[in-house]
>>> print(open('input.pdb').read())   # PDB, C-alpha atoms and all ligand atoms
ATOM      1  CA  MET A1209     -12.907   9.762   7.854  1.00  0.00           C
ATOM      2  CA  ARG A1210     -10.081  10.714  10.205  1.00  0.00           C
ATOM      3  CA  SER A1211      -7.451   9.512   7.738  1.00  0.00           C
ATOM      4  CA  ILE A1212      -9.136  11.518   4.961  1.00  0.00           C
ATOM      5  CA  ALA A1213      -9.016  14.598   7.206  1.00  0.00           C
ATOM      6  CA  ILE A1214      -5.297  14.045   7.890  1.00  0.00           C
ATOM      7  CA  PHE A1215      -4.435  13.434   4.208  1.00  0.00           C
ATOM      8  CA  SER A1216      -6.516  16.489   3.172  1.00  0.00           C
ATOM      9  CA  THR A1217      -4.917  18.761   5.795  1.00  0.00           C
ATOM     10  CA  VAL A1218      -1.409  17.721   4.771  1.00  0.00           C
ATOM     11  CA  GLY A1219      -2.345  18.200   1.080  1.00  0.00           C
ATOM     12  CA  LEU A1220      -3.912  21.620   1.649  1.00  0.00           C
ATOM     13  CA  THR A1221      -0.957  22.790   3.759  1.00  0.00           C
ATOM     14  CA  THR A1222       1.491  21.651   1.068  1.00  0.00           C
ATOM     15  CA  PHE A1223      -0.536  23.468  -1.603  1.00  0.00           C
ATOM     16  CA  ALA A1224      -0.659  26.633   0.531  1.00  0.00           C
ATOM     17  CA  LEU A1225       3.131  26.515   1.078  1.00  0.00           C
ATOM     18  CA  ALA A1226       3.634  26.312  -2.695  1.00  0.00           C
ATOM     19  CA  ARG A1227       1.269  29.255  -3.279  1.00  0.00           C
ATOM     20  CA  LEU A1228       3.172  31.278  -0.688  1.00  0.00           C
ATOM     21  CA  GLY A1229       6.414  30.571  -2.529  1.00  0.00           C
ATOM     22  CA  TYR A1230       8.018  28.217  -0.015  1.00  0.00           C
ATOM     23  CA  LEU A1231       7.794  25.184  -2.307  1.00  0.00           C
ATOM     24  CA  PRO A1232       9.029  26.085  -5.792  1.00  0.00           C
ATOM     25  CA  GLY A1233       8.999  22.530  -7.229  1.00  0.00           C
ATOM     26  CA  PRO A1234       5.539  22.566  -8.888  1.00  0.00           C
ATOM     27  CA  SER A1235       6.121  25.856 -10.734  1.00  0.00           C
ATOM     28  CA  VAL A1236       9.617  24.706 -11.793  1.00  0.00           C
ATOM     29  CA  ALA A1237       8.089  21.489 -13.200  1.00  0.00           C
ATOM     30  CA  ASP A1238       5.529  23.542 -15.171  1.00  0.00           C
ATOM     31  CA  ARG A1239       8.419  24.702 -17.362  1.00  0.00           C
ATOM     32  CA  TRP A1240       9.846  21.194 -17.940  1.00  0.00           C
ATOM     33  CA  GLY A1241       7.190  19.983 -20.385  1.00  0.00           C
ATOM     34  CA  THR A1242       5.085  16.903 -21.016  1.00  0.00           C
ATOM     35  CA  GLY A1243       7.935  14.390 -21.118  1.00  0.00           C
ATOM     36  CA  TRP A1244       8.934  15.276 -17.576  1.00  0.00           C
ATOM     37  CA  ALA A1245       5.268  15.221 -16.480  1.00  0.00           C
ATOM     38  CA  VAL A1246       4.923  11.572 -17.565  1.00  0.00           C
ATOM     39  CA  ALA A1247       8.363  10.615 -16.185  1.00  0.00           C
ATOM     40  CA  SER A1248       7.676  12.316 -12.840  1.00  0.00           C
ATOM     41  CA  LEU A1249       4.395  10.400 -12.444  1.00  0.00           C
ATOM     42  CA  ILE A1250       6.133   7.061 -13.026  1.00  0.00           C
ATOM     43  CA  LEU A1251       9.028   8.014 -10.732  1.00  0.00           C
ATOM     44  CA  MET A1252       6.622   9.186  -8.025  1.00  0.00           C
ATOM     45  CA  ILE A1253       4.712   5.874  -8.072  1.00  0.00           C
ATOM     46  CA  VAL A1254       7.937   3.806  -8.001  1.00  0.00           C
ATOM     47  CA  ALA A1255       9.344   5.959  -5.176  1.00  0.00           C
ATOM     48  CA  HIS A1256       6.108   5.739  -3.169  1.00  0.00           C
ATOM     49  CA  ASP A1257       6.168   1.944  -3.502  1.00  0.00           C
ATOM     50  CA  ALA A1258       9.682   1.913  -1.974  1.00  0.00           C
ATOM     51  CA  TYR A1259       8.665   4.425   0.739  1.00  0.00           C
ATOM     52  CA  PHE A1260       5.631   2.309   1.604  1.00  0.00           C
ATOM     53  CA  TYR A1261       7.527  -0.991   1.653  1.00  0.00           C
ATOM     54  CA  TRP A1262      10.225   0.249   4.033  1.00  0.00           C
ATOM     55  CA  THR A1263       7.988   2.331   6.322  1.00  0.00           C
ATOM     56  CA  HIS A1264       5.543  -0.600   6.405  1.00  0.00           C
ATOM     57  CA  ARG A1265       8.284  -3.036   7.398  1.00  0.00           C
ATOM     58  CA  ALA A1266       9.509  -0.571  10.035  1.00  0.00           C
ATOM     59  CA  ILE A1267       6.075  -0.248  11.658  1.00  0.00           C
ATOM     60  CA  HIS A1268       5.811  -4.041  11.837  1.00  0.00           C
ATOM     61  CA  ASP A1269       8.656  -3.906  14.343  1.00  0.00           C
ATOM     62  CA  PRO A1270       7.030  -4.894  17.663  1.00  0.00           C
ATOM     63  CA  ARG A1271       8.328  -1.659  19.221  1.00  0.00           C
ATOM     64  CA  LEU A1272       6.362   0.434  16.694  1.00  0.00           C
ATOM     65  CA  PHE A1273       3.464  -1.831  15.771  1.00  0.00           C
ATOM     66  CA  ARG A1274       1.045  -0.803  18.528  1.00  0.00           C
ATOM     67  CA  LEU A1275       1.667   2.903  18.057  1.00  0.00           C
ATOM     68  CA  PHE A1276       1.508   2.954  14.253  1.00  0.00           C
ATOM     69  CA  HIS A1277      -0.148  -0.061  12.718  1.00  0.00           C
ATOM     70  CA  LEU A1278      -2.389  -2.022  15.077  1.00  0.00           C
ATOM     71  CA  ARG A1279      -5.636  -0.431  13.888  1.00  0.00           C
ATOM     72  CA  HIS A1280      -4.948  -1.296  10.248  1.00  0.00           C
ATOM     73  CA  HIS A1281      -4.427  -4.946  11.167  1.00  0.00           C
ATOM     74  CA  ARG A1282      -7.669  -5.132  13.120  1.00  0.00           C
ATOM     75  CA  SER A1283      -9.072  -5.882   9.650  1.00  0.00           C
ATOM     76  CA  HIS A1284      -8.265  -9.580   9.342  1.00  0.00           C
ATOM     77  CA  ASN A1285     -10.540  -9.939   6.348  1.00  0.00           C
ATOM     78  CA  PRO A1286     -10.323  -6.508   4.666  1.00  0.00           C
ATOM     79  CA  SER A1287     -13.060  -4.528   2.969  1.00  0.00           C
ATOM     80  CA  PRO A1288     -12.535  -1.378   0.843  1.00  0.00           C
ATOM     81  CA  PHE A1289     -12.966   0.668   4.024  1.00  0.00           C
ATOM     82  CA  SER A1290      -9.835  -0.975   5.460  1.00  0.00           C
ATOM     83  CA  ALA A1291      -7.800   0.994   2.892  1.00  0.00           C
ATOM     84  CA  TYR A1292      -7.797   4.123   5.059  1.00  0.00           C
ATOM     85  CA  SER A1293      -8.247   2.406   8.414  1.00  0.00           C
ATOM     86  CA  PHE A1294      -5.128   3.895  10.009  1.00  0.00           C
ATOM     87  CA  ASP A1295      -3.950   5.033  13.395  1.00  0.00           C
ATOM     88  CA  ILE A1296      -3.251   8.807  13.449  1.00  0.00           C
ATOM     89  CA  THR A1297       0.477   8.076  13.429  1.00  0.00           C
ATOM     90  CA  GLU A1298       0.286   5.808  10.377  1.00  0.00           C
ATOM     91  CA  ALA A1299      -1.926   8.290   8.499  1.00  0.00           C
ATOM     92  CA  GLY A1300       0.629  11.038   9.202  1.00  0.00           C
ATOM     93  CA  LEU A1301       3.526   8.819   8.120  1.00  0.00           C
ATOM     94  CA  GLN A1302       1.841   7.916   4.835  1.00  0.00           C
ATOM     95  CA  ALA A1303       0.507  11.427   4.149  1.00  0.00           C
ATOM     96  CA  ALA A1304       4.054  12.782   4.565  1.00  0.00           C
ATOM     97  CA  PHE A1305       5.213  11.176   1.319  1.00  0.00           C
ATOM     98  CA  VAL A1306       3.787  13.877  -0.999  1.00  0.00           C
ATOM     99  CA  PRO A1307       5.370  16.914   0.749  1.00  0.00           C
ATOM    100  CA  ILE A1308       8.702  15.061   1.067  1.00  0.00           C
ATOM    101  CA  TRP A1309       8.567  14.177  -2.639  1.00  0.00           C
ATOM    102  CA  LEU A1310       7.682  17.757  -3.654  1.00  0.00           C
ATOM    103  CA  LEU A1311      10.593  19.116  -1.604  1.00  0.00           C
ATOM    104  CA  LEU A1312      12.995  16.848  -3.502  1.00  0.00           C
ATOM    105  CA  VAL A1313      11.550  16.486  -7.012  1.00  0.00           C
ATOM    106  CA  PRO A1314       9.847  19.212  -9.094  1.00  0.00           C
ATOM    107  CA  THR A1315       6.409  17.814  -9.941  1.00  0.00           C
ATOM    108  CA  GLN A1316       3.321  19.530 -11.390  1.00  0.00           C
ATOM    109  CA  TRP A1317       0.133  19.636  -9.325  1.00  0.00           C
ATOM    110  CA  PRO A1318      -1.968  17.697 -11.884  1.00  0.00           C
ATOM    111  CA  ILE A1319       0.627  14.895 -11.644  1.00  0.00           C
ATOM    112  CA  VAL A1320       0.182  14.883  -7.861  1.00  0.00           C
ATOM    113  CA  GLY A1321      -3.559  14.563  -8.532  1.00  0.00           C
ATOM    114  CA  PHE A1322      -3.067  11.570 -10.874  1.00  0.00           C
ATOM    115  CA  PHE A1323      -0.740  10.016  -8.287  1.00  0.00           C
ATOM    116  CA  MET A1324      -3.383  10.364  -5.547  1.00  0.00           C
ATOM    117  CA  VAL A1325      -6.134   8.853  -7.743  1.00  0.00           C
ATOM    118  CA  HIS A1326      -3.852   5.914  -8.589  1.00  0.00           C
ATOM    119  CA  GLN A1327      -2.868   5.543  -4.928  1.00  0.00           C
ATOM    120  CA  ILE A1328      -6.412   5.353  -3.578  1.00  0.00           C
ATOM    121  CA  ALA A1329      -7.617   3.147  -6.469  1.00  0.00           C
ATOM    122  CA  ARG A1330      -4.857   0.554  -5.968  1.00  0.00           C
ATOM    123  CA  ASN A1331      -5.193   0.740  -2.193  1.00  0.00           C
ATOM    124  CA  THR A1332      -8.959   0.168  -2.323  1.00  0.00           C
ATOM    125  CA  ILE A1333      -8.677  -2.695  -4.855  1.00  0.00           C
ATOM    126  CA  GLY A1334      -6.022  -4.305  -2.637  1.00  0.00           C
ATOM    127  CA  HIS A1335      -8.456  -4.322   0.292  1.00  0.00           C
ATOM    128  CA  SER A1336     -11.590  -5.163  -1.700  1.00  0.00           C
ATOM    129  CA  GLY A1337     -11.703  -8.827  -0.691  1.00  0.00           C
ATOM    130  CA  TYR A1338     -12.195  -9.959  -4.312  1.00  0.00           C
ATOM    131  CA  GLU A1339      -9.480 -10.801  -6.798  1.00  0.00           C
ATOM    132  CA  VAL A1340      -9.864  -8.596  -9.855  1.00  0.00           C
ATOM    133  CA  PHE A1341      -6.437  -9.092 -11.471  1.00  0.00           C
ATOM    134  CA  PRO A1342      -6.349 -11.428 -14.495  1.00  0.00           C
ATOM    135  CA  ALA A1343      -4.546 -14.783 -14.472  1.00  0.00           C
ATOM    136  CA  ARG A1344      -2.507 -16.531 -17.145  1.00  0.00           C
ATOM    137  CA  ARG A1345      -3.439 -20.051 -18.259  1.00  0.00           C
ATOM    138  CA  ASP A1346      -1.105 -21.536 -15.638  1.00  0.00           C
ATOM    139  CA  GLY A1347      -2.829 -19.570 -12.862  1.00  0.00           C
ATOM    140  CA  ARG A1348      -0.020 -17.071 -12.314  1.00  0.00           C
ATOM    141  CA  PRO A1349      -0.912 -13.367 -12.269  1.00  0.00           C
ATOM    142  CA  MET A1350      -0.976 -11.878 -15.775  1.00  0.00           C
ATOM    143  CA  PHE A1351       0.931  -8.837 -14.545  1.00  0.00           C
ATOM    144  CA  ASP A1352       3.204 -10.528 -12.042  1.00  0.00           C
ATOM    145  CA  PHE A1353       5.128  -7.351 -11.206  1.00  0.00           C
ATOM    146  CA  LEU A1354       1.927  -5.820  -9.742  1.00  0.00           C
ATOM    147  CA  THR A1355       0.587  -6.715  -6.321  1.00  0.00           C
ATOM    148  CA  THR A1356      -2.848  -8.319  -6.474  1.00  0.00           C
ATOM    149  CA  THR A1357      -5.705  -8.320  -3.969  1.00  0.00           C
ATOM    150  CA  THR A1358      -4.646 -11.837  -2.904  1.00  0.00           C
ATOM    151  CA  HIS A1359      -1.136 -10.490  -2.249  1.00  0.00           C
ATOM    152  CA  HIS A1360      -2.327  -7.914   0.291  1.00  0.00           C
ATOM    153  CA  ASP A1361      -5.026 -10.204   1.702  1.00  0.00           C
ATOM    154  CA  LEU A1362      -2.261 -12.631   2.706  1.00  0.00           C
ATOM    155  CA  HIS A1363      -0.519  -9.727   4.451  1.00  0.00           C
ATOM    156  CA  HIS A1364      -3.633  -9.150   6.572  1.00  0.00           C
ATOM    157  CA  ALA A1365      -3.943 -12.889   7.234  1.00  0.00           C
ATOM    158  CA  THR A1366      -0.408 -13.409   8.539  1.00  0.00           C
ATOM    159  CA  ALA A1367       1.290  -9.983   8.995  1.00  0.00           C
ATOM    160  CA  ARG A1368       4.648 -11.601   8.271  1.00  0.00           C
ATOM    161  CA  SER A1369       4.954 -11.264   4.517  1.00  0.00           C
ATOM    162  CA  ASN A1370       3.788  -9.267   1.478  1.00  0.00           C
ATOM    163  CA  TYR A1371       4.603  -5.749   2.666  1.00  0.00           C
ATOM    164  CA  GLY A1372       4.567  -4.203  -0.839  1.00  0.00           C
ATOM    165  CA  LEU A1373       1.979  -1.726  -2.116  1.00  0.00           C
ATOM    166  CA  TYR A1374       1.934  -1.520  -5.939  1.00  0.00           C
ATOM    167  CA  PHE A1375       4.739  -3.820  -7.087  1.00  0.00           C
ATOM    168  CA  THR A1376       5.919  -7.277  -6.067  1.00  0.00           C
ATOM    169  CA  TRP A1377       9.623  -6.597  -6.565  1.00  0.00           C
ATOM    170  CA  TRP A1378      10.586  -5.384  -3.054  1.00  0.00           C
ATOM    171  CA  ASP A1379       9.055  -8.468  -1.428  1.00  0.00           C
ATOM    172  CA  ARG A1380      10.935 -10.665  -3.931  1.00  0.00           C
ATOM    173  CA  TRP A1381      14.252  -8.862  -3.513  1.00  0.00           C
ATOM    174  CA  MET A1382      13.960  -8.995   0.279  1.00  0.00           C
ATOM    175  CA  GLY A1383      12.548 -12.545   0.498  1.00  0.00           C
ATOM    176  CA  THR A1384       9.334 -11.453   2.195  1.00  0.00           C
ATOM    177  CA  GLU A1385       6.786 -12.782  -0.309  1.00  0.00           C
ATOM    178  CA  HIS A1386       4.315 -15.291   1.181  1.00  0.00           C
ATOM    179  CA  PRO A1387       5.344 -18.823   0.093  1.00  0.00           C
ATOM    180  CA  ASP A1388       1.739 -19.752  -0.814  1.00  0.00           C
ATOM    181  CA  TYR A1389       1.054 -16.569  -2.800  1.00  0.00           C
ATOM    182  CA  TYR A1390       0.943 -18.177  -6.263  1.00  0.00           C
ATOM    183  CA  ALA A1391      -1.134 -21.125  -5.058  1.00  0.00           C
ATOM    184  CA  ARG A1392      -3.649 -18.827  -3.367  1.00  0.00           C
ATOM    185  CA  PHE A1393      -3.839 -16.544  -6.382  1.00  0.00           C
ATOM    186  CA  ALA A1394      -4.394 -19.465  -8.758  1.00  0.00           C
ATOM    187  CA  ARG A1395      -7.139 -20.855  -6.545  1.00  0.00           C
ATOM    188  CA  VAL A1396      -9.191 -17.650  -6.505  1.00  0.00           C
ATOM    189  CA  ALA A1397      -8.358 -16.420 -10.017  1.00  0.00           C
ATOM    190  CA  ARG A1398      -9.316 -19.679 -11.741  1.00  0.00           C
ATOM    191  CA  SER A1399     -12.482 -20.286  -9.770  1.00  0.00           C
ATOM    192  CA  PRO A1400     -15.589 -20.106 -12.017  1.00  0.00           C
ATOM    193  CA  ASP A1401     -17.530 -18.305  -9.289  1.00  0.00           C
ATOM    194  CA  PRO A1402     -16.588 -15.131  -7.451  1.00  0.00           C
ATOM    195  CA  VAL A1403     -15.151 -16.241  -4.133  1.00  0.00           C
ATOM    196  CA  THR A1404     -13.975 -14.169  -1.257  1.00  0.00           C
ATOM    197  CA  LEU A1405     -10.266 -14.515  -0.667  1.00  0.00           C
ATOM    198  CA  MET A1406     -10.537 -15.541   2.943  1.00  0.00           C
ATOM    199  CA  ASP A1407     -12.911 -18.340   3.824  1.00  0.00           C
ATOM    200  CA  GLY A1408     -14.575 -16.183   6.448  1.00  0.00           C
ATOM    201  CA  PRO A1409     -13.104 -14.715   9.601  1.00  0.00           C
ATOM    202  CA  ALA A1410     -12.494 -18.141  11.150  1.00  0.00           C
ATOM    203  CA  GLN A1411      -9.308 -18.449   9.076  1.00  0.00           C
ATOM    204  CA  ALA A1412      -7.993 -15.076  10.099  1.00  0.00           C
ATOM    205  CA  VAL A1413      -5.043 -15.035  12.448  1.00  0.00           C
ATOM    206  CA  PRO A1414      -5.318 -12.745  15.461  1.00  0.00           C
ATOM    207  CA  ILE A1415      -2.437 -10.381  14.885  1.00  0.00           C
ATOM    208  CA  GLU A1416      -1.747  -9.421  18.467  1.00  0.00           C
ATOM    209  CA  SER A1417      -1.497 -13.021  19.608  1.00  0.00           C
ATOM    210  CA  GLU A1418       0.083 -14.735  16.625  1.00  0.00           C
ATOM    211  CA  THR A1419       2.700 -12.216  15.706  1.00  0.00           C
ATOM    212  CA  TYR A1420       3.352 -10.254  18.822  1.00  0.00           C
ATOM    213  CA  GLY A1421       3.203 -12.825  21.539  1.00  0.00           C
ATOM    214  CA  ARG A1422       0.023 -12.061  23.451  1.00  0.00           C
ATOM    215  CA  ASP A1423      -2.190 -14.952  24.529  1.00  0.00           C
ATOM    216  CA  ALA A1424      -4.411 -16.102  21.739  1.00  0.00           C
ATOM    217  CA  ALA A1425      -8.082 -16.706  22.170  1.00  0.00           C
ATOM    218  CA  PRO A1426      -8.799 -20.126  20.615  1.00  0.00           C
ATOM    219  CA  GLN A1427     -10.348 -19.689  17.162  1.00  0.00           C
TER     220      GLN A1427
HETATM  221 ZN    ZN A1501      -3.843  -3.359   4.369  1.00  0.00          ZN
HETATM  222 ZN    ZN A1502       0.953  -4.350   7.811  1.00  0.00          ZN
END
>>> encode(input="input.pdb", output="structure tokens")
Amino acid sequence: MRSIAIFSTVGLTTFALARLGYLPGPSVADRWGTGWAVASLILMIVAHDAYFYWTHRAIHDPRLFRLFHLRHHRSHNPSPFSAYSFDITEAGLQAAFVPIWLLLVPTQWPIVGFFMVHQIARNTIGHSGYEVFPARRDGRPMFDFLTTTTHHDLHHATARSNYGLYFTWWDRWMGTEHPDYYARFARVARSPDPVTLMDGPAQAVPIESETYGRDAAPQ
């Protein structure tokens, strides 16, 4: 609820600034036609994926982790509600993307709306705890350039890999994809029964102890 309040306040403030004439981008984009509307949506999603990957890697730095990202990783076995489970600082950092984008790139308001619907849908699916993405016959993801639920679940399990949001390419370019990603995906995607991605909380790794050097309670 707090993250929703922060995202809404940032959104409303941005909208008010545009109405007051301080943010001309949306009205400029209104004159650029449908082709630009479609292109700006695609560009906005690709840019947000890069923004998320690099800010996410930055807040995994032990000097920033406690201030920005600890609350999100309290979900070792995520549910859809983990999608917006953020510290105030992380919510502010992520909510800042839209005003930064609108300052730099003329984009119509309805496109911002489509972007936000896509953002929350992908974010919630990624934390749902069930794999919904289709697999090929060999068990690999059908759309291998997209992150799957398994992809982000492994991030919550280890906090050392799979930092991407929508696309797998940044993790592959930077060598941060989890080495067991394909095997884990194949196991859940080819199972005849719906299975949760984690085999219960006993498999979850305590983030504070495993990654950041505090004493671990035995699991
Ligand atoms: Zn997450
Ligand atoms: Zn993280």
>>> resolve_selection(input="input.pdb", expression="the PyMOL selection byres (((not hetatm)) within 7 of (chain A and resi 1502))", output="ChimeraX atom specification")
/A:1264,1268,1277,1281,1363-1364,1367,1371
>>> resolve_selection(input="input.pdb", expression="the PyMOL selection byres (((chain A and resi 1223) around 12) and not hetatm)", output="short mmCIF file (atom, residue, chain, number, x, y, z; two decimals) with C-alpha atoms, in the coordinates of the input")
data_model
loop_
_atom_site.label_atom_id
_atom_site.label_comp_id
_atom_site.auth_asym_id
_atom_site.auth_seq_id
_atom_site.Cartn_x
_atom_site.Cartn_y
_atom_site.Cartn_z
CA SER A 1216 -6.52 16.49 3.17
CA THR A 1217 -4.92 18.76 5.80
CA VAL A 1218 -1.41 17.72 4.77
CA GLY A 1219 -2.35 18.20 1.08
CA LEU A 1220 -3.91 21.62 1.65
CA THR A 1221 -0.96 22.79 3.76
CA THR A 1222 1.49 21.65 1.07
CA ALA A 1224 -0.66 26.63 0.53
CA LEU A 1225 3.13 26.52 1.08
CA ALA A 1226 3.63 26.31 -2.70
CA ARG A 1227 1.27 29.26 -3.28
CA LEU A 1228 3.17 31.28 -0.69
CA GLY A 1229 6.41 30.57 -2.53
CA TYR A 1230 8.02 28.22 -0.02
CA LEU A 1231 7.79 25.18 -2.31
CA PRO A 1232 9.03 26.08 -5.79
CA GLY A 1233 9.00 22.53 -7.23
CA PRO A 1234 5.54 22.57 -8.89
CA SER A 1235 6.12 25.86 -10.73
CA VAL A 1306 3.79 13.88 -1.00
CA PRO A 1307 5.37 16.91 0.75
CA LEU A 1310 7.68 17.76 -3.65
CA LEU A 1311 10.59 19.12 -1.60
CA GLN A 1316 3.32 19.53 -11.39
CA TRP A 1317 0.13 19.64 -9.32
CA PRO A 1318 -1.97 17.70 -11.88
CA VAL A 1320 0.18 14.88 -7.86
CA GLY A 1321 -3.56 14.56 -8.53
#
>>> residues_around(input="input.pdb", residues="Tyr1259 in chain A", least_positions_apart="4", cutoff="9 Å", atoms="all atoms listed in the file", output="ChimeraX atom specification")
/A:1254-1255,1263-1264,1302,1305
>>> residues_near_ligand(input="input.pdb", ligand="ligand ZN 1501 (chain A)", cutoff="8 Å", atoms="only C-alpha atoms and all ligand atoms", output="PyMOL selection string")
chain A and resi 1280-1281+1283+1286+1290-1291+1331+1334-1335+1360-1361+1363-1364
>>> closest_residue(input="input.pdb", among="A:Trp1240, A:Asn1285, A:Asp1388, A:Phe1353", to="Gly1372 in chain A", atoms="only C-alpha atoms")
A:Phe1353
>>> atom_distance(input="input.pdb", atom1="CA of Val1396 in chain A", atom2="CA of Ser1369 in chain A")
19.0 Å
>>> residues_near_point(input="input.pdb", point="(-4.9, -13.4, -5.5)", cutoff="6 Å", atoms="all atoms listed in the file", output="NGL selection string")
:A and (1339 or 1356-1359 or 1392-1393)
>>> closest_residue(input="input.pdb", among="A:Ser1211, A:Phe1323, A:Leu1272, A:Gly1243", to="Phe1289 in chain A", atoms="only C-alpha atoms")
A:Ser1211
>>> residues_near_point(input="input.pdb", point="(-0.5, -19.3, -14.2)", cutoff="10 Å", atoms="all atoms listed in the file", output="ChimeraX atom specification")
/A:1342-1350,1352,1390-1391,1393-1394,1397-1398
>>> closest_residue(input="input.pdb", among="A:His1256, A:Arg1380, A:His1386, A:Arg1239", to="Ala1303 in chain A", atoms="all atoms listed in the file")
A:His1256
>>> closest_residue(input="input.pdb", among="A:Trp1381, A:Phe1341, A:Tyr1292, A:Phe1375", to="Ala1213 in chain A", atoms="only C-alpha atoms")
A:Tyr1292
>>> closest_residue(input="input.pdb", among="A:Thr1297, A:Gln1327, A:Thr1332, A:Thr1366", to="Ile1253 in chain A", atoms="only C-alpha atoms")
A:Gln1327
>>> axis_aligned_box(input="input.pdb", around="range 1246-1252 of chain A", padding_each_side="4 Å", output="lines of an AutoDock Vina configuration file")
center_x = 6.7
center_y = 9.7
center_z = -12.8
size_x = 12.6
size_y = 13.3
size_z = 17.5
>>> closest_residue(input="input.pdb", among="A:Leu1312, A:Ala1304, A:Glu1298, A:Val1246", to="Phe1273 in chain A", atoms="all atoms listed in the file")
A:Glu1298
>>> atom_distance(input="input.pdb", atom1="CA of Pro1314 in chain A", atom2="CA of Ile1212 in chain A")
24.8 Å
>>> atom_distance(input="input.pdb", atom1="CA of Ala1365 in chain A", atom2="CA of Pro1387 in chain A")
13.1 Å
>>> build_atoms(input="input.pdb", residues="range 1248-1253 of chain A", atoms="all heavy atoms", output="PDB file, keeping the file's coordinate frame")
ATOM      1  N   SER A1248       7.786  12.048 -14.282  1.00  0.00           N
ATOM      2  CA  SER A1248       7.676  12.316 -12.840  1.00  0.00           C
ATOM      3  C   SER A1248       6.550  11.502 -12.207  1.00  0.00           C
ATOM      4  O   SER A1248       6.657  11.077 -11.056  1.00  0.00           O
ATOM      5  CB  SER A1248       7.490  13.811 -12.574  1.00  0.00           C
ATOM      6  OG  SER A1248       6.308  14.292 -13.164  1.00  0.00           O
ATOM      7  N   LEU A1249       5.476  11.238 -12.984  1.00  0.00           N
ATOM      8  CA  LEU A1249       4.395  10.400 -12.444  1.00  0.00           C
ATOM      9  C   LEU A1249       4.905   8.983 -12.200  1.00  0.00           C
ATOM     10  O   LEU A1249       4.664   8.396 -11.129  1.00  0.00           O
ATOM     11  CB  LEU A1249       3.197  10.402 -13.401  1.00  0.00           C
ATOM     12  CG  LEU A1249       2.015   9.523 -12.975  1.00  0.00           C
ATOM     13  CD1 LEU A1249       1.445   9.969 -11.624  1.00  0.00           C
ATOM     14  CD2 LEU A1249       0.916   9.529 -14.034  1.00  0.00           C
ATOM     15  N   ILE A1250       5.607   8.431 -13.179  1.00  0.00           N
ATOM     16  CA  ILE A1250       6.133   7.061 -13.026  1.00  0.00           C
ATOM     17  C   ILE A1250       7.127   7.003 -11.863  1.00  0.00           C
ATOM     18  O   ILE A1250       7.047   6.124 -11.001  1.00  0.00           O
ATOM     19  CB  ILE A1250       6.794   6.591 -14.344  1.00  0.00           C
ATOM     20  CG1 ILE A1250       5.726   6.474 -15.443  1.00  0.00           C
ATOM     21  CG2 ILE A1250       7.521   5.258 -14.153  1.00  0.00           C
ATOM     22  CD1 ILE A1250       6.283   6.313 -16.845  1.00  0.00           C
ATOM     23  N   LEU A1251       8.032   7.989 -11.811  1.00  0.00           N
ATOM     24  CA  LEU A1251       9.028   8.014 -10.732  1.00  0.00           C
ATOM     25  C   LEU A1251       8.360   8.146  -9.360  1.00  0.00           C
ATOM     26  O   LEU A1251       8.775   7.519  -8.382  1.00  0.00           O
ATOM     27  CB  LEU A1251       9.995   9.185 -10.927  1.00  0.00           C
ATOM     28  CG  LEU A1251      11.021   9.043 -12.046  1.00  0.00           C
ATOM     29  CD1 LEU A1251      11.780  10.352 -12.222  1.00  0.00           C
ATOM     30  CD2 LEU A1251      11.990   7.902 -11.734  1.00  0.00           C
ATOM     31  N   MET A1252       7.306   8.966  -9.304  1.00  0.00           N
ATOM     32  CA  MET A1252       6.622   9.186  -8.025  1.00  0.00           C
ATOM     33  C   MET A1252       5.965   7.900  -7.524  1.00  0.00           C
ATOM     34  O   MET A1252       6.027   7.579  -6.332  1.00  0.00           O
ATOM     35  CB  MET A1252       5.574  10.299  -8.214  1.00  0.00           C
ATOM     36  CG  MET A1252       5.075  10.911  -6.935  1.00  0.00           C
ATOM     37  SD  MET A1252       3.964  12.303  -7.282  1.00  0.00           S
ATOM     38  CE  MET A1252       3.608  12.796  -5.590  1.00  0.00           C
ATOM     39  N   ILE A1253       5.365   7.138  -8.457  1.00  0.00           N
ATOM     40  CA  ILE A1253       4.712   5.874  -8.072  1.00  0.00           C
ATOM     41  C   ILE A1253       5.772   4.856  -7.622  1.00  0.00           C
ATOM     42  O   ILE A1253       5.603   4.183  -6.596  1.00  0.00           O
ATOM     43  CB  ILE A1253       3.859   5.345  -9.249  1.00  0.00           C
ATOM     44  CG1 ILE A1253       2.639   6.248  -9.451  1.00  0.00           C
ATOM     45  CG2 ILE A1253       3.428   3.907  -9.004  1.00  0.00           C
ATOM     46  CD1 ILE A1253       1.870   6.002 -10.741  1.00  0.00           C
TER      47      ILE A1253
END
